[in-house]
Amino acid sequence: MNPVSAVLVILGALVALLASIGLLTFKTPYARFHAAGKASPIAFLFVALGAALEVGWVGAGELAIVAVALLLTLPAGTHLLFRATHRTTPPTHMSRDDLQIVEAELAASERADSDGPER
Amino acid sequence: MIADIAIGIFLLAGLLAGIRLVRGPDLVDRVISLDAALVALMGAIGVRVADSGDTLYIGILVVIAIVAFTATVVLSRFIETTGRR
């Protein structure tokens, strides 16, 4: 392994370790999602960059596909988990939750639309 | 040598995510820790690719990424629609 890719690989491993430490130690679910959902794609990006310097053009292209797929899908999945948490558990760590108000208004207007006589 | 150290750090990260997977108070914590453990596994396989220069393992990375995303989406929809924690 050349020195540049060795440094990148170790850096990615340390970022993944930091993500797992945050996942283990933070108190609220939202903070845990921040730790795991944002640092994980960065960790894999570093490792993929380090590996792409080793395997040549074809392997680098395949690694780029994997990295882009992970960068697109992991934040989307984490966002869905955020939404599921927000809709199923009442927030206890916030004094005021604006998103809950907006979502209640949205649900009420959707109900009014579906019950309305004009449809 | 460096590859062994990096794989060891990824293993430690996966083990910490596994502790959260067992302890996690809610189902969402288990889902996100499963995601983190799968990314640690992907990183370890990536280190193996960088160490050996073997491109055969990259297909495994694609499959793990797709399976992890599908599992996250399905489980979050399950949590949302049933309200089960």
# chains A, B, ... in the order shown; residues from 1 in each chain; ligands from 1
call {"tool": "interface_residues", "arguments": {"of": "chain B", "to": "chain A", "cutoff": "8 Å", "atoms": "only C-alpha atoms", "output": "count of residues only"}}
result
45
